[in-house]
Amino acid sequence: MNPELPPAAPDVVAAAVESLTSRLRKKLDAAIETYAALPITVDDGVLRIRCGEDAEVTLTPNPSGAVTDAEHVVCGCLLAPRCLHRAAVLSACPVADADTETAPEPSGTATGARTGGEDAPSDRAAPRSTGPSDTPASAGPTDTARSTEGTGRAEFPSRTGTRSTPSTPHAPEPTGPTPAQVAAATGLWAATAAVLAAGVPAAGAVPQAELLRAAHTARLAGLHRAETAALRVVRGLRGARARQDGHRLADLVANVRELLLTTGLLSAADPDPALVGTARRAYRPGGGLRVHGVCREPVIAATGYGGVVTHLVSDDGRWFSVADVKPGGPARARGAATATVALGSGTLNHAQLARGGLLISGATLSPDGRLGSGKGVRATPLAGLSWTSGPLAALFARPLAEAVAERLTGTPGADPEQAEQAARRLIGCDLVLVGAAGDHLLARELSPTGQQSASDLLVRLTPAHGHPDLAHTANFRQLASRPGLRLRVIGRLDPDRAATLRPLAVGPVPDTDATLRLPADWQGHADLGYDRLQGAHFPPPSAPPTVDGLAGIPTDPLAEAPLWRLRRLVEVAVSGGRRAVAEPARDGDRDGGGAALRRTGFRTAADLATTLTTEADRRSRDVFGRITDPDPDRYARAWLTTAVYLAGTERALVQATWQPPTTHH
């Protein structure tokens with residue numbers, strides 16, 4: 001994939017690949033690698049790539065910046081349009097989201113990008129929300145988290161919980177997907193199962209095109225959630241094959257699991273409307289708002305985007321954000337720290353907004369709580385609040401375990417967009433540093449009286465971003481050398497690690513001397529990505545506070561549990577394909593993986609691993625008696641059952657680490 005090329009619509013890419021002869025399809029992957037490295041000439045909005053002496057491919061993006069029509073991609077060779085050059089160039093383009101023609105905010109260029117950490121846009125097309133409600137991310141997770149129930153079918157993993165009852169006695173019952181949607185889901189399931197059986201090495205341009213074609217069919221049928229998951233899988237496959245720095249195998253595994261689970265339930269005519277999803281929504285009116293700055297968060301994405309997100313809280317405790325994320329990478333992330341906020345009069349920069357506030361009239365809101373900057377928006381700067389007053393003080397009033405429980409409501413099968421929004425909501429807490437261990441700091445939650453107790457919750461703190469151009473790592477080095485320091489922390493939980501927070505900002509704990517002493521112009525908090533802590537910001541070392549040492553630190557259940565064996569099997573299935581999974585079935589569990597799982601009480605995990613490896617090794621014969629791989633459907637179901645079990649078990653272990661030791665049974 002070449003990020004300099006414009007995004008291409010899935011149906012355009014699929015049609016170009018399907019038009020090739022079988023001989024040209026065998027050459028497609030090598031051609032993509034060659035043409036993706038060729039120089040690009042831009043002339044009045046038209047991109048030109050010279051693929052040979054008599055072959056030049058021209059791309060004419062539409063106003064949204066994406067190629068959405070087959071006629072906008074032209075090759076000059078004799079075989080065009082059914083030529084290898086055209087198909088290879090299109091396959092090298094980033095995958096466009098389906099709704100590239102829908103602008104997120106007509107005048108809100110500063111808020112059109114997705115916000116937060118490394119989850120910045122993966123291409124030039126605006127991202128899309130698939131949640132079934134218009135509730136912004138600032139609303140409570142209980143309003144947005146999806147509740148599910150078992151399907152009663154043995155071929156699909158059961159889903160825990162109960163479906164919410166209708167709001168009125170006469171509310172219509174869900175009618176389920178239409179026949180066209182069931183057919184589209186079935187086709188998307190088959191394409192995904194084929195990719196899973198092949199694995200990353202064999203999932204080249206042709207299988208990807210089949211998945212894109214099925215995703216386009218799902219879009220036409222209105223299956224927005226399944227289509228979005230399919231596009232994520234294709235992007236993940238491309239990142240894995242190209243060994244991109246931002247690729248994570250765990251993300252690809254999660255996306256494949258989400259796609260198979262969604263399409264499997266839809267193909268079985270499950271009536272839950274959350275499985276269908278909704279199209280991406282534009283900004284909606286938000287009326288008048290009074291918001292107060294909490295902190296700034298730098299954004300550096302592997303795709304070349306950079307910028308800043310300023311997090312805000314309203315008087316009634318709802319979370320909002322103002323983003324300025326554009327192409328530019330680390331340099332732009334640094335410069336955006338003091339960039340002017342494109343909201344209202346434009347007299348405030350992000351550093352001032354993070355320590356100030358705004359009175360907004362005619363506000364516009366995205367579904368995830370981003371503030372738009374349309375023509376009708378008016379904003380007046382306000383004096384900032386400290387973290388010890390008003391709605392900001394309320395952020396630190398709740399027990400940490402209670403706040404985390406609301407954010408870890410997602411279960412396998414729940415809408416991933418809504419689960420991600422809930423998990424990414426910031427958390428406030430008061431902590432005392434215990435010491436450093438490996439790549440993280442250990443801290444205990446302070447009791448309401450500000451005192452440390454042996455039964456208080458142990459929390460692991462890791463840098464929100466490790467890029468050397470940001471201040472996170474340097475600030476962590478300063479904090480690591482000061483056990484006993486009391487800190488007021490605003491951060492984001494890591495849902496995949498045991499009791500782990502990623503702090504974005506820190507401030508002093510009230511009514512104690514063993515805490516930070518920040519400059520007056522910092523107004524009571526330090527943004528860890530931008531502000532650098534110095535020795536003068538800490539209490540004098542003459543009277544170090546007392547603190548429990550590292551003795552008695554509980555083990556990490558995710559690291560200690562033998563579930564890593566099952567996780568490795570699930571990941572190998574995606575990265576290596578069916579044949580890689582079949583190896584354990586042929587050596588009779590020589591490495592003792594199944595025995596280790598049973599010995600430690602994970603008997604279901606051992607049974608699922610055995611079922612998966614046995615199914616992977618199953619072979620059939622064609623009409624001539626030759627051994628062939630069987631239909632991948634049964635194998636995909638076995639893998640999905642294992643992956644859903646693994647995700648649910650790991651989430652339960654993470655949730656358990658957020659409970660203080662005194663509540664364990």
# chains A, B, ... in the order shown; residues from 1 in each chain; ligands from 1

call {"tool": "residues_around", "arguments": {"residues": "A:Gln478", "least_positions_apart": "6", "cutoff": "9 Å", "atoms": "only C-alpha atoms", "output": "list in words"}}
result
Leu533, Gln534 and Gly535 of chain A

call {"tool": "residues_around", "arguments": {"residues": "stretch 179-189 of chain A", "least_positions_apart": "4", "cutoff": "10 Å", "atoms": "only C-alpha atoms", "output": "number ranges by chain"}}
result
A: 193-195, 210-223, 226-227, 230, 259-270, 276, 633, 636

call {"tool": "residues_around", "arguments": {"residues": "A:Arg86", "least_positions_apart": "5", "cutoff": "8 Å", "atoms": "only C-alpha atoms", "output": "number ranges by chain"}}
result
A: 16, 57, 73-75, 80-81

call {"tool": "atom_distance", "arguments": {"atom1": "atom CA of A:Arg579", "atom2": "atom CA of A:Ala229"}}
result
24.9 Å

call {"tool": "select_by_dssp", "arguments": {"residues": "stretch 227-405 of chain A", "states": "alpha helix (DSSP H)", "output": "PDB file with N, CA and C atoms, in the first residue's frame"}}
result
ATOM      1  N   GLU A 227     -19.625  -4.453   7.043  1.00  0.00           N
ATOM      2  CA  GLU A 227     -18.788  -3.851   6.003  1.00  0.00           C
ATOM      3  C   GLU A 227     -17.582  -3.149   6.613  1.00  0.00           C
ATOM      4  N   THR A 228     -17.798  -2.396   7.697  1.00  0.00           N
ATOM      5  CA  THR A 228     -16.692  -1.713   8.355  1.00  0.00           C
ATOM      6  C   THR A 228     -15.667  -2.709   8.869  1.00  0.00           C
ATOM      7  N   ALA A 229     -16.120  -3.812   9.457  1.00  0.00           N
ATOM      8  CA  ALA A 229     -15.195  -4.836   9.945  1.00  0.00           C
ATOM      9  C   ALA A 229     -14.397  -5.447   8.799  1.00  0.00           C
ATOM     10  N   ALA A 230     -15.041  -5.656   7.652  1.00  0.00           N
ATOM     11  CA  ALA A 230     -14.342  -6.235   6.504  1.00  0.00           C
ATOM     12  C   ALA A 230     -13.240  -5.311   6.001  1.00  0.00           C
ATOM     13  N   LEU A 231     -13.518  -4.014   5.953  1.00  0.00           N
ATOM     14  CA  LEU A 231     -12.489  -3.065   5.503  1.00  0.00           C
ATOM     15  C   LEU A 231     -11.321  -3.033   6.479  1.00  0.00           C
ATOM     16  N   ARG A 232     -11.597  -3.167   7.765  1.00  0.00           N
ATOM     17  CA  ARG A 232     -10.518  -3.220   8.742  1.00  0.00           C
ATOM     18  C   ARG A 232      -9.665  -4.469   8.551  1.00  0.00           C
ATOM     19  N   VAL A 233     -10.297  -5.579   8.234  1.00  0.00           N
ATOM     20  CA  VAL A 233      -9.544  -6.810   8.009  1.00  0.00           C
ATOM     21  C   VAL A 233      -8.631  -6.659   6.799  1.00  0.00           C
ATOM     22  N   VAL A 234      -9.135  -6.079   5.723  1.00  0.00           N
ATOM     23  CA  VAL A 234      -8.303  -5.890   4.528  1.00  0.00           C
ATOM     24  C   VAL A 234      -7.127  -4.978   4.845  1.00  0.00           C
ATOM     25  N   ARG A 235      -7.369  -3.893   5.569  1.00  0.00           N
ATOM     26  CA  ARG A 235      -6.267  -3.002   5.943  1.00  0.00           C
ATOM     27  C   ARG A 235      -5.256  -3.740   6.816  1.00  0.00           C
ATOM     28  N   GLY A 236      -5.757  -4.575   7.734  1.00  0.00           N
ATOM     29  CA  GLY A 236      -4.847  -5.334   8.582  1.00  0.00           C
ATOM     30  C   GLY A 236      -4.025  -6.339   7.806  1.00  0.00           C
ATOM     31  N   LEU A 237      -4.634  -6.996   6.826  1.00  0.00           N
ATOM     32  CA  LEU A 237      -3.889  -7.941   5.987  1.00  0.00           C
ATOM     33  C   LEU A 237      -2.798  -7.228   5.205  1.00  0.00           C
ATOM     34  N   ARG A 238      -3.124  -6.075   4.688  1.00  0.00           N
ATOM     35  CA  ARG A 238      -2.110  -5.322   3.939  1.00  0.00           C
ATOM     36  C   ARG A 238      -0.973  -4.880   4.855  1.00  0.00           C
ATOM     37  N   GLY A 239      -1.322  -4.423   6.053  1.00  0.00           N
ATOM     38  CA  GLY A 239      -0.281  -4.017   6.991  1.00  0.00           C
ATOM     39  C   GLY A 239       0.606  -5.175   7.406  1.00  0.00           C
ATOM     40  N   ALA A 240       0.011  -6.354   7.591  1.00  0.00           N
ATOM     41  CA  ALA A 240       0.795  -7.529   7.982  1.00  0.00           C
ATOM     42  C   ALA A 240       1.715  -7.978   6.851  1.00  0.00           C
ATOM     43  N   ARG A 241       1.208  -7.984   5.629  1.00  0.00           N
ATOM     44  CA  ARG A 241       2.016  -8.438   4.504  1.00  0.00           C
ATOM     45  C   ARG A 241       3.145  -7.463   4.198  1.00  0.00           C
ATOM     46  N   ALA A 242       2.901  -6.163   4.437  1.00  0.00           N
ATOM     47  CA  ALA A 242       3.927  -5.152   4.181  1.00  0.00           C
ATOM     48  C   ALA A 242       4.831  -4.921   5.386  1.00  0.00           C
ATOM     49  N   LEU A 249      -0.640  -7.757  15.273  1.00  0.00           N
ATOM     50  CA  LEU A 249      -1.349  -8.993  14.972  1.00  0.00           C
ATOM     51  C   LEU A 249      -2.596  -9.126  15.836  1.00  0.00           C
ATOM     52  N   ALA A 250      -2.524  -8.654  17.081  1.00  0.00           N
ATOM     53  CA  ALA A 250      -3.689  -8.740  17.971  1.00  0.00           C
ATOM     54  C   ALA A 250      -4.872  -7.960  17.411  1.00  0.00           C
ATOM     55  N   ASP A 251      -4.606  -6.820  16.779  1.00  0.00           N
ATOM     56  CA  ASP A 251      -5.695  -6.041  16.177  1.00  0.00           C
ATOM     57  C   ASP A 251      -6.319  -6.792  15.006  1.00  0.00           C
ATOM     58  N   LEU A 252      -5.484  -7.410  14.177  1.00  0.00           N
ATOM     59  CA  LEU A 252      -6.010  -8.174  13.041  1.00  0.00           C
ATOM     60  C   LEU A 252      -6.840  -9.355  13.523  1.00  0.00           C
ATOM     61  N   VAL A 253      -6.383 -10.035  14.567  1.00  0.00           N
ATOM     62  CA  VAL A 253      -7.140 -11.158  15.127  1.00  0.00           C
ATOM     63  C   VAL A 253      -8.499 -10.671  15.632  1.00  0.00           C
ATOM     64  N   ALA A 254      -8.510  -9.539  16.340  1.00  0.00           N
ATOM     65  CA  ALA A 254      -9.777  -9.004  16.862  1.00  0.00           C
ATOM     66  C   ALA A 254     -10.723  -8.629  15.728  1.00  0.00           C
ATOM     67  N   ASN A 255     -10.189  -8.063  14.650  1.00  0.00           N
ATOM     68  CA  ASN A 255     -11.048  -7.674  13.524  1.00  0.00           C
ATOM     69  C   ASN A 255     -11.613  -8.894  12.797  1.00  0.00           C
ATOM     70  N   VAL A 256     -10.802  -9.929  12.624  1.00  0.00           N
ATOM     71  CA  VAL A 256     -11.313 -11.161  11.997  1.00  0.00           C
ATOM     72  C   VAL A 256     -12.387 -11.791  12.879  1.00  0.00           C
ATOM     73  N   ARG A 257     -12.147 -11.802  14.192  1.00  0.00           N
ATOM     74  CA  ARG A 257     -13.151 -12.345  15.115  1.00  0.00           C
ATOM     75  C   ARG A 257     -14.454 -11.560  15.031  1.00  0.00           C
ATOM     76  N   GLU A 258     -14.369 -10.244  15.023  1.00  0.00           N
ATOM     77  CA  GLU A 258     -15.569  -9.410  14.937  1.00  0.00           C
ATOM     78  C   GLU A 258     -16.312  -9.648  13.632  1.00  0.00           C
ATOM     79  N   LEU A 259     -15.577  -9.775  12.523  1.00  0.00           N
ATOM     80  CA  LEU A 259     -16.222  -9.964  11.222  1.00  0.00           C
ATOM     81  C   LEU A 259     -16.913 -11.321  11.148  1.00  0.00           C
ATOM     82  N   LEU A 260     -16.247 -12.379  11.595  1.00  0.00           N
ATOM     83  CA  LEU A 260     -16.865 -13.703  11.556  1.00  0.00           C
ATOM     84  C   LEU A 260     -18.059 -13.794  12.503  1.00  0.00           C
ATOM     85  N   LEU A 261     -17.952 -13.213  13.681  1.00  0.00           N
ATOM     86  CA  LEU A 261     -19.052 -13.292  14.636  1.00  0.00           C
ATOM     87  C   LEU A 261     -20.270 -12.530  14.121  1.00  0.00           C
ATOM     88  N   THR A 262     -20.039 -11.330  13.585  1.00  0.00           N
ATOM     89  CA  THR A 262     -21.155 -10.526  13.077  1.00  0.00           C
ATOM     90  C   THR A 262     -21.829 -11.198  11.890  1.00  0.00           C
ATOM     91  N   THR A 263     -21.044 -11.633  10.909  1.00  0.00           N
ATOM     92  CA  THR A 263     -21.638 -12.239   9.718  1.00  0.00           C
ATOM     93  C   THR A 263     -22.243 -13.603  10.040  1.00  0.00           C
ATOM     94  N   GLY A 264     -21.651 -14.345  10.977  1.00  0.00           N
ATOM     95  CA  GLY A 264     -22.219 -15.627  11.344  1.00  0.00           C
ATOM     96  C   GLY A 264     -23.592 -15.495  11.976  1.00  0.00           C
ATOM     97  N   LEU A 265     -23.745 -14.533  12.875  1.00  0.00           N
ATOM     98  CA  LEU A 265     -25.042 -14.316  13.510  1.00  0.00           C
ATOM     99  C   LEU A 265     -26.062 -13.769  12.518  1.00  0.00           C
ATOM    100  N   LEU A 266     -25.616 -12.868  11.638  1.00  0.00           N
ATOM    101  CA  LEU A 266     -26.539 -12.327  10.632  1.00  0.00           C
ATOM    102  C   LEU A 266     -26.981 -13.407   9.646  1.00  0.00           C
ATOM    103  N   SER A 267     -26.068 -14.265   9.235  1.00  0.00           N
ATOM    104  CA  SER A 267     -26.444 -15.317   8.296  1.00  0.00           C
ATOM    105  C   SER A 267     -27.396 -16.320   8.931  1.00  0.00           C
ATOM    106  N   GLY A 329       2.780  13.913  11.014  1.00  0.00           N
ATOM    107  CA  GLY A 329       3.574  13.073  11.887  1.00  0.00           C
ATOM    108  C   GLY A 329       4.032  13.760  13.156  1.00  0.00           C
ATOM    109  N   PRO A 330       5.200  13.346  13.704  1.00  0.00           N
ATOM    110  CA  PRO A 330       5.671  13.883  14.985  1.00  0.00           C
ATOM    111  C   PRO A 330       5.863  15.390  14.992  1.00  0.00           C
ATOM    112  N   ALA A 331       6.366  15.953  13.890  1.00  0.00           N
ATOM    113  CA  ALA A 331       6.582  17.399  13.855  1.00  0.00           C
ATOM    114  C   ALA A 331       5.279  18.151  14.033  1.00  0.00           C
ATOM    115  N   ARG A 332       4.230  17.674  13.420  1.00  0.00           N
ATOM    116  CA  ARG A 332       2.956  18.358  13.573  1.00  0.00           C
ATOM    117  C   ARG A 332       2.375  18.156  14.960  1.00  0.00           C
ATOM    118  N   ALA A 333       2.604  16.993  15.558  1.00  0.00           N
ATOM    119  CA  ALA A 333       2.123  16.763  16.921  1.00  0.00           C
ATOM    120  C   ALA A 333       2.764  17.737  17.897  1.00  0.00           C
ATOM    121  N   ARG A 334       4.041  18.030  17.698  1.00  0.00           N
ATOM    122  CA  ARG A 334       4.702  19.007  18.572  1.00  0.00           C
ATOM    123  C   ARG A 334       4.165  20.411  18.336  1.00  0.00           C
ATOM    124  N   GLY A 335       4.053  20.794  17.062  1.00  0.00           N
ATOM    125  CA  GLY A 335       3.595  22.150  16.764  1.00  0.00           C
ATOM    126  C   GLY A 335       2.155  22.403  17.133  1.00  0.00           C
ATOM    127  N   HIS A 350      -4.531  25.489  21.933  1.00  0.00           N
ATOM    128  CA  HIS A 350      -4.837  24.256  22.651  1.00  0.00           C
ATOM    129  C   HIS A 350      -4.228  24.246  24.044  1.00  0.00           C
ATOM    130  N   ALA A 351      -3.053  24.863  24.215  1.00  0.00           N
ATOM    131  CA  ALA A 351      -2.455  24.918  25.547  1.00  0.00           C
ATOM    132  C   ALA A 351      -3.324  25.735  26.495  1.00  0.00           C
ATOM    133  N   GLN A 352      -3.882  26.839  25.999  1.00  0.00           N
ATOM    134  CA  GLN A 352      -4.747  27.666  26.836  1.00  0.00           C
ATOM    135  C   GLN A 352      -6.089  26.989  27.093  1.00  0.00           C
ATOM    136  N   LEU A 353      -6.625  26.308  26.075  1.00  0.00           N
ATOM    137  CA  LEU A 353      -7.913  25.651  26.252  1.00  0.00           C
ATOM    138  C   LEU A 353      -7.813  24.518  27.268  1.00  0.00           C
ATOM    139  N   ALA A 354      -6.687  23.777  27.285  1.00  0.00           N
ATOM    140  CA  ALA A 354      -6.529  22.681  28.234  1.00  0.00           C
ATOM    141  C   ALA A 354      -6.528  23.171  29.675  1.00  0.00           C
ATOM    142  N   GLY A 390     -15.388  22.243  41.194  1.00  0.00           N
ATOM    143  CA  GLY A 390     -16.433  22.072  40.197  1.00  0.00           C
ATOM    144  C   GLY A 390     -16.464  20.684  39.592  1.00  0.00           C
ATOM    145  N   PRO A 391     -16.847  20.602  38.310  1.00  0.00           N
ATOM    146  CA  PRO A 391     -16.968  19.286  37.660  1.00  0.00           C
ATOM    147  C   PRO A 391     -15.635  18.564  37.521  1.00  0.00           C
ATOM    148  N   LEU A 392     -14.503  19.278  37.569  1.00  0.00           N
ATOM    149  CA  LEU A 392     -13.214  18.601  37.467  1.00  0.00           C
ATOM    150  C   LEU A 392     -12.895  17.828  38.741  1.00  0.00           C
ATOM    151  N   ALA A 393     -13.274  18.368  39.890  1.00  0.00           N
ATOM    152  CA  ALA A 393     -13.051  17.646  41.141  1.00  0.00           C
ATOM    153  C   ALA A 393     -13.871  16.368  41.190  1.00  0.00           C
ATOM    154  N   ALA A 394     -15.042  16.382  40.555  1.00  0.00           N
ATOM    155  CA  ALA A 394     -15.899  15.194  40.558  1.00  0.00           C
ATOM    156  C   ALA A 394     -15.264  14.032  39.801  1.00  0.00           C
ATOM    157  N   LEU A 400     -11.877   3.912  41.861  1.00  0.00           N
ATOM    158  CA  LEU A 400     -11.332   3.553  40.555  1.00  0.00           C
ATOM    159  C   LEU A 400     -11.974   2.286  40.013  1.00  0.00           C
ATOM    160  N   ALA A 401     -12.185   1.290  40.856  1.00  0.00           N
ATOM    161  CA  ALA A 401     -12.785   0.035  40.394  1.00  0.00           C
ATOM    162  C   ALA A 401     -14.176   0.261  39.832  1.00  0.00           C
ATOM    163  N   GLU A 402     -14.933   1.167  40.430  1.00  0.00           N
ATOM    164  CA  GLU A 402     -16.286   1.448  39.955  1.00  0.00           C
ATOM    165  C   GLU A 402     -16.263   2.130  38.596  1.00  0.00           C
ATOM    166  N   ALA A 403     -15.343   3.090  38.412  1.00  0.00           N
ATOM    167  CA  ALA A 403     -15.245   3.784  37.127  1.00  0.00           C
ATOM    168  C   ALA A 403     -14.776   2.845  36.023  1.00  0.00           C
ATOM    169  N   VAL A 404     -13.846   1.954  36.341  1.00  0.00           N
ATOM    170  CA  VAL A 404     -13.344   1.023  35.334  1.00  0.00           C
ATOM    171  C   VAL A 404     -14.419   0.030  34.926  1.00  0.00           C
ATOM    172  N   ALA A 405     -15.235  -0.397  35.894  1.00  0.00           N
ATOM    173  CA  ALA A 405     -16.276  -1.378  35.587  1.00  0.00           C
ATOM    174  C   ALA A 405     -17.221  -0.872  34.516  1.00  0.00           C
TER     175      ALA A 405
END

call {"tool": "closest_residue", "arguments": {"among": "A:Leu566, A:Val572, A:Leu597, A:Ala336", "to": "A:Thr642", "atoms": "only C-alpha atoms"}}
result
A:Leu566

call {"tool": "atom_distance", "arguments": {"atom1": "atom CA of A:Gly529", "atom2": "atom CA of A:Thr473"}}
result
8.7 Å
